[in-house]
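Enquirer: Right, I'll just put the structure down here and ask away after.
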Amino acid sequence: MRTFKSEHFPPLPIESDAGYWSGDIELGGATLPMTLYIDAAITDPQLQEAARLLKDLAELRRQGRAAIAERADSDESIRRDFFEFHLEEVPDSLPATVRANPSNAAFVAALELCGVAIHAATDIGFQLVVDFSFGREHSDQLLAVKFAPDGSIRSLSHES
């Protein structure tokens, strides 16, 4: 059985179809509830590349938030379908400061990293997906930022 090893996560056995872990990690002085999913189709060299990318998880979080902020400013669907949804349907998922001043910048600052996934991608080998939410205990809605093996952002999507 293969095992994925990375700096921020415990060793994760990869079974015939996938590897999955859920728990807490420490990042930037905060404890974050987190999930990690690994597609079993990922090769060992790809796992090593993914572990290299994950070494700077704080930077991936920063880049992901920046991509979300940029998209929110240029595409009203992020604000309408994600930010406003939480403000109207699950306001307790948001800090009081965001509820009082619901700007795009406030929403983005409140987003928490909540999941990482490594998926096979035929065109580039694999993609690293970094998920953000306002708290999985409040909503299953996610903003997923997808990174290529070289660390560039491939796409951003609203998922549930």
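We name chains A, B, ... following the order of the structure tokens; residues begin at 1 in each chain, and ligands are numbered from 1 as shown.
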Show which residues sit within 12 Å of A:Gln46, as a PyMOL selection string. Count only C-alpha atoms, and ignore same-chain residues fewer than 4 positions away.
Expert: chain A and resi 4+38-42+50-53+118-121+124-128+148-150
Enquirer: How would the residues just picked look written out with N, CA and C atoms as a CSV table (one decimal), in the first residue's frame?
Expert:
```csv
chain,number,residue,atom,x,y,z
A,4,PHE,N,1.0,8.6,1.4
A,4,PHE,CA,1.3,10.0,1.0
A,4,PHE,C,1.8,10.7,2.3
A,38,ILE,N,-7.0,12.0,-1.7
A,38,ILE,CA,-6.0,11.7,-2.8
A,38,ILE,C,-6.6,10.6,-3.7
A,39,ASP,N,-6.7,11.0,-5.0
A,39,ASP,CA,-7.1,10.0,-6.0
A,39,ASP,C,-6.0,9.0,-6.2
A,40,ALA,N,-6.4,7.7,-6.1
A,40,ALA,CA,-5.5,6.6,-6.2
A,40,ALA,C,-4.8,6.6,-7.6
A,41,ALA,N,-5.3,7.2,-8.6
A,41,ALA,CA,-4.7,7.2,-9.9
A,41,ALA,C,-3.5,8.1,-10.0
A,42,ILE,N,-3.2,8.9,-9.0
A,42,ILE,CA,-2.0,9.7,-8.9
A,42,ILE,C,-0.8,8.8,-8.8
A,50,ALA,N,3.0,16.9,-5.5
A,50,ALA,CA,1.9,17.5,-4.7
A,50,ALA,C,2.4,17.8,-3.3
A,51,ALA,N,3.2,16.9,-2.7
A,51,ALA,CA,3.8,17.2,-1.4
A,51,ALA,C,4.6,18.4,-1.4
A,52,ARG,N,5.4,18.6,-2.5
A,52,ARG,CA,6.2,19.8,-2.6
A,52,ARG,C,5.4,21.1,-2.7
A,53,LEU,N,4.3,21.0,-3.4
A,53,LEU,CA,3.3,22.1,-3.5
A,53,LEU,C,2.7,22.4,-2.1
A,118,ILE,N,-6.1,16.0,-4.2
A,118,ILE,CA,-5.2,15.8,-5.3
A,118,ILE,C,-5.9,14.8,-6.2
A,119,HIS,N,-6.2,15.4,-7.4
A,119,HIS,CA,-7.0,14.6,-8.4
A,119,HIS,C,-6.2,14.4,-9.7
A,120,ALA,N,-6.3,13.3,-10.3
A,120,ALA,CA,-5.7,13.1,-11.6
A,120,ALA,C,-6.3,14.0,-12.6
A,121,ALA,N,-5.5,14.5,-13.6
A,121,ALA,CA,-6.0,15.3,-14.6
A,121,ALA,C,-5.2,14.9,-15.9
A,124,ILE,N,-2.6,17.5,-17.6
A,124,ILE,CA,-1.4,18.0,-16.8
A,124,ILE,C,-0.9,17.0,-15.8
A,125,GLY,N,-1.5,15.8,-15.7
A,125,GLY,CA,-1.1,14.8,-14.7
A,125,GLY,C,-1.9,14.8,-13.4
A,126,PHE,N,-1.9,16.0,-12.7
A,126,PHE,CA,-2.8,16.1,-11.6
A,126,PHE,C,-3.1,17.6,-11.3
A,127,GLN,N,-4.1,17.8,-10.5
A,127,GLN,CA,-4.4,19.1,-10.0
A,127,GLN,C,-4.6,19.1,-8.5
A,128,LEU,N,-4.2,20.1,-7.8
A,128,LEU,CA,-4.3,20.3,-6.4
A,128,LEU,C,-5.5,21.2,-6.2
A,148,ALA,N,-2.4,23.9,-10.9
A,148,ALA,CA,-1.6,23.0,-11.7
A,148,ALA,C,-0.4,22.5,-11.0
A,149,PRO,N,0.3,21.5,-11.4
A,149,PRO,CA,1.5,21.0,-10.8
A,149,PRO,C,2.6,22.1,-10.6
A,150,ASP,N,2.6,23.1,-11.5
A,150,ASP,CA,3.6,24.2,-11.5
A,150,ASP,C,3.3,25.3,-10.5
```
Enquirer: Can you tell me which residues surround A:Ser93 at a distance of at most 12 Å, considering only C-alpha atoms, apart from same-chain residues fewer than 2 positions away, and format the answer as a list of chain:residue names?
Expert: A:Phe83, A:Glu84, A:Phe85, A:His86, A:Leu87, A:Glu88, A:Glu89, A:Val90, A:Pro91, A:Pro95, A:Ala96, A:Thr97, A:Val98, A:Arg99, A:Phe107, A:Ala110, A:Leu111, A:Glu112, A:Ser133, A:Phe134, A:Gly135, A:Arg136, A:Glu137, A:His138, A:Ser139, A:Asp140, A:Gln141
Enquirer: Show me, as JSON lines, the residues of stretch 40-151 of chain A having an atom within 7 Å of stretch 21-35 of chain A, each with the closest atom pair and its distance in Å, using only C-alpha atoms.
Expert:
```
{"residue": "A:Ala58", "atom": "CA", "partner": "A:Leu27", "partner_atom": "CA", "distance": 6.8}
{"residue": "A:Cys114", "atom": "CA", "partner": "A:Met34", "partner_atom": "CA", "distance": 4.7}
{"residue": "A:Gly115", "atom": "CA", "partner": "A:Thr35", "partner_atom": "CA", "distance": 4.6}
{"residue": "A:Val116", "atom": "CA", "partner": "A:Thr35", "partner_atom": "CA", "distance": 6.2}
```
Enquirer: Quick one: pick out all strand (DSSP E) residues within chain A from a backbone DSSP run and write them as number ranges by chain.
Expert: A: 2-4, 12-14, 18-27, 30-39, 112-121, 125-133, 142-147, 153-159
Enquirer: Please produce a file of the residues just selected, as a PDB file, in the first residue's frame, where the atoms kept are C-alpha atoms.
Expert:
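And here is the file that came out, again_38.pdb:
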```
ATOM      1  CA  ARG A   2       1.271   3.473  -0.880  1.00  0.00           C
ATOM      2  CA  THR A   3       1.419   6.281   1.688  1.00  0.00           C
ATOM      3  CA  PHE A   4       1.283  10.016   1.029  1.00  0.00           C
ATOM      4  CA  LEU A  12      -2.105   8.946   4.567  1.00  0.00           C
ATOM      5  CA  PRO A  13      -2.449   5.380   3.232  1.00  0.00           C
ATOM      6  CA  ILE A  14      -3.782   5.274  -0.313  1.00  0.00           C
ATOM      7  CA  ALA A  18      -8.342   6.734  -2.794  1.00  0.00           C
ATOM      8  CA  GLY A  19      -6.909   8.019   0.427  1.00  0.00           C
ATOM      9  CA  TYR A  20      -8.969  10.171   2.794  1.00  0.00           C
ATOM     10  CA  TRP A  21      -8.207  11.903   6.082  1.00  0.00           C
ATOM     11  CA  SER A  22     -10.163  14.308   8.258  1.00  0.00           C
ATOM     12  CA  GLY A  23      -8.870  16.107  11.324  1.00  0.00           C
ATOM     13  CA  ASP A  24      -7.199  19.296  12.509  1.00  0.00           C
ATOM     14  CA  ILE A  25      -3.989  20.889  11.291  1.00  0.00           C
ATOM     15  CA  GLU A  26      -1.982  23.843  12.554  1.00  0.00           C
ATOM     16  CA  LEU A  27      -1.391  26.600  10.026  1.00  0.00           C
ATOM     17  CA  ALA A  30      -4.489  28.616  13.970  1.00  0.00           C
ATOM     18  CA  THR A  31      -6.037  25.177  14.259  1.00  0.00           C
ATOM     19  CA  LEU A  32      -8.082  24.385  11.157  1.00  0.00           C
ATOM     20  CA  PRO A  33     -10.533  21.519  10.658  1.00  0.00           C
ATOM     21  CA  MET A  34      -9.365  19.967   7.407  1.00  0.00           C
ATOM     22  CA  THR A  35      -9.897  17.126   4.962  1.00  0.00           C
ATOM     23  CA  LEU A  36      -7.388  15.560   2.605  1.00  0.00           C
ATOM     24  CA  TYR A  37      -8.404  13.431  -0.379  1.00  0.00           C
ATOM     25  CA  ILE A  38      -6.019  11.709  -2.780  1.00  0.00           C
ATOM     26  CA  ASP A  39      -7.126  10.035  -5.999  1.00  0.00           C
ATOM     27  CA  GLU A 112     -11.131  29.477   5.903  1.00  0.00           C
ATOM     28  CA  LEU A 113      -9.117  26.808   4.213  1.00  0.00           C
ATOM     29  CA  CYS A 114     -11.030  23.575   4.869  1.00  0.00           C
ATOM     30  CA  GLY A 115      -9.863  20.939   2.421  1.00  0.00           C
ATOM     31  CA  VAL A 116      -7.189  19.784   0.010  1.00  0.00           C
ATOM     32  CA  ALA A 117      -7.624  17.227  -2.751  1.00  0.00           C
ATOM     33  CA  ILE A 118      -5.215  15.782  -5.277  1.00  0.00           C
ATOM     34  CA  HIS A 119      -6.994  14.616  -8.428  1.00  0.00           C
ATOM     35  CA  ALA A 120      -5.711  13.056 -11.625  1.00  0.00           C
ATOM     36  CA  ALA A 121      -5.966  15.347 -14.646  1.00  0.00           C
ATOM     37  CA  GLY A 125      -1.056  14.845 -14.687  1.00  0.00           C
ATOM     38  CA  PHE A 126      -2.772  16.122 -11.556  1.00  0.00           C
ATOM     39  CA  GLN A 127      -4.360  19.149 -10.005  1.00  0.00           C
ATOM     40  CA  LEU A 128      -4.304  20.264  -6.403  1.00  0.00           C
ATOM     41  CA  VAL A 129      -7.687  21.542  -5.228  1.00  0.00           C
ATOM     42  CA  VAL A 130      -7.790  23.877  -2.239  1.00  0.00           C
ATOM     43  CA  ASP A 131     -11.271  24.353  -0.723  1.00  0.00           C
ATOM     44  CA  PHE A 132     -12.504  27.389   1.204  1.00  0.00           C
ATOM     45  CA  SER A 133     -15.665  27.822   3.257  1.00  0.00           C
ATOM     46  CA  LEU A 142     -17.254  25.634  -1.143  1.00  0.00           C
ATOM     47  CA  LEU A 143     -15.074  27.830  -3.277  1.00  0.00           C
ATOM     48  CA  ALA A 144     -12.513  25.497  -4.863  1.00  0.00           C
ATOM     49  CA  VAL A 145      -9.264  26.870  -6.268  1.00  0.00           C
ATOM     50  CA  LYS A 146      -7.521  24.424  -8.586  1.00  0.00           C
ATOM     51  CA  PHE A 147      -3.730  24.557  -8.956  1.00  0.00           C
ATOM     52  CA  ILE A 153      -4.064  28.578 -10.744  1.00  0.00           C
ATOM     53  CA  ARG A 154      -6.099  26.654 -13.323  1.00  0.00           C
ATOM     54  CA  SER A 155      -9.599  27.613 -12.233  1.00  0.00           C
ATOM     55  CA  LEU A 156     -11.913  28.630  -9.449  1.00  0.00           C
ATOM     56  CA  SER A 157     -15.373  27.172  -8.948  1.00  0.00           C
ATOM     57  CA  HIS A 158     -18.303  27.327  -6.565  1.00  0.00           C
ATOM     58  CA  GLU A 159     -19.138  23.778  -5.465  1.00  0.00           C
TER      59      GLU A 159
END
```
Enquirer: Quote the spacing between atom CA of A:Asn104 and atom CA of A:Leu54 in Å to one decimal place.
Expert: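 For atom CA of A:Asn104 relative to atom CA of A:Leu54, the distance reads 26.8 Å.
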Enquirer: Grab the atom CA of A:Arg79 to atom CA of A:Ser103 distance for me, in Å with one decimal place.
Expert: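 According to the coordinates, atom CA of A:Arg79 and atom CA of A:Ser103 are separated by 9.2 Å.
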Enquirer: Hey, what does DSSP flag as helix (DSSP H, G or I) within chain A? Can you give it to me as a VMD selection string?
Expert: chain A and resid 44 to 54 57 to 74 76 to 89 91 to 93 96 to 100 104 to 110
Enquirer: Check the smallest atom-to-atom distance from each of A:Asp56, A:Glu76, A:Glu70, A:Asp92 to A:His8 using only C-alpha atoms, then report the winner.
Expert: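 That would be A:Asp56, the residue with the smallest distance to A:His8.
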Enquirer: Using only C-alpha atoms, determine which residues lie at most 8 Å from A:Val108, disregarding the query and same-chain residues fewer than 4 positions distant; provide the list as a PyMOL selection string.
Expert: chain A and resi 65+68-69+104
Enquirer: What would the file look like if the residues just selected were written as a PDB file, in the first residue's frame with N, CA and C atoms?
Expert:
```pdb
ATOM      1  N   ARG A  65      -7.120  32.776  -1.774  1.00  0.00           N
ATOM      2  CA  ARG A  65      -7.935  33.928  -1.354  1.00  0.00           C
ATOM      3  C   ARG A  65      -7.810  35.086  -2.342  1.00  0.00           C
ATOM      4  N   ILE A  68      -9.898  34.353  -5.323  1.00  0.00           N
ATOM      5  CA  ILE A  68     -11.319  34.521  -4.995  1.00  0.00           C
ATOM      6  C   ILE A  68     -11.664  36.008  -4.953  1.00  0.00           C
ATOM      7  N   ALA A  69     -10.801  36.822  -4.342  1.00  0.00           N
ATOM      8  CA  ALA A  69     -11.043  38.270  -4.272  1.00  0.00           C
ATOM      9  C   ALA A  69     -11.112  38.868  -5.669  1.00  0.00           C
ATOM     10  N   ASN A 104     -16.817  42.638  -0.276  1.00  0.00           N
ATOM     11  CA  ASN A 104     -16.076  41.502  -0.836  1.00  0.00           C
ATOM     12  C   ASN A 104     -14.813  41.228  -0.023  1.00  0.00           C
TER      13      ASN A 104
END
```
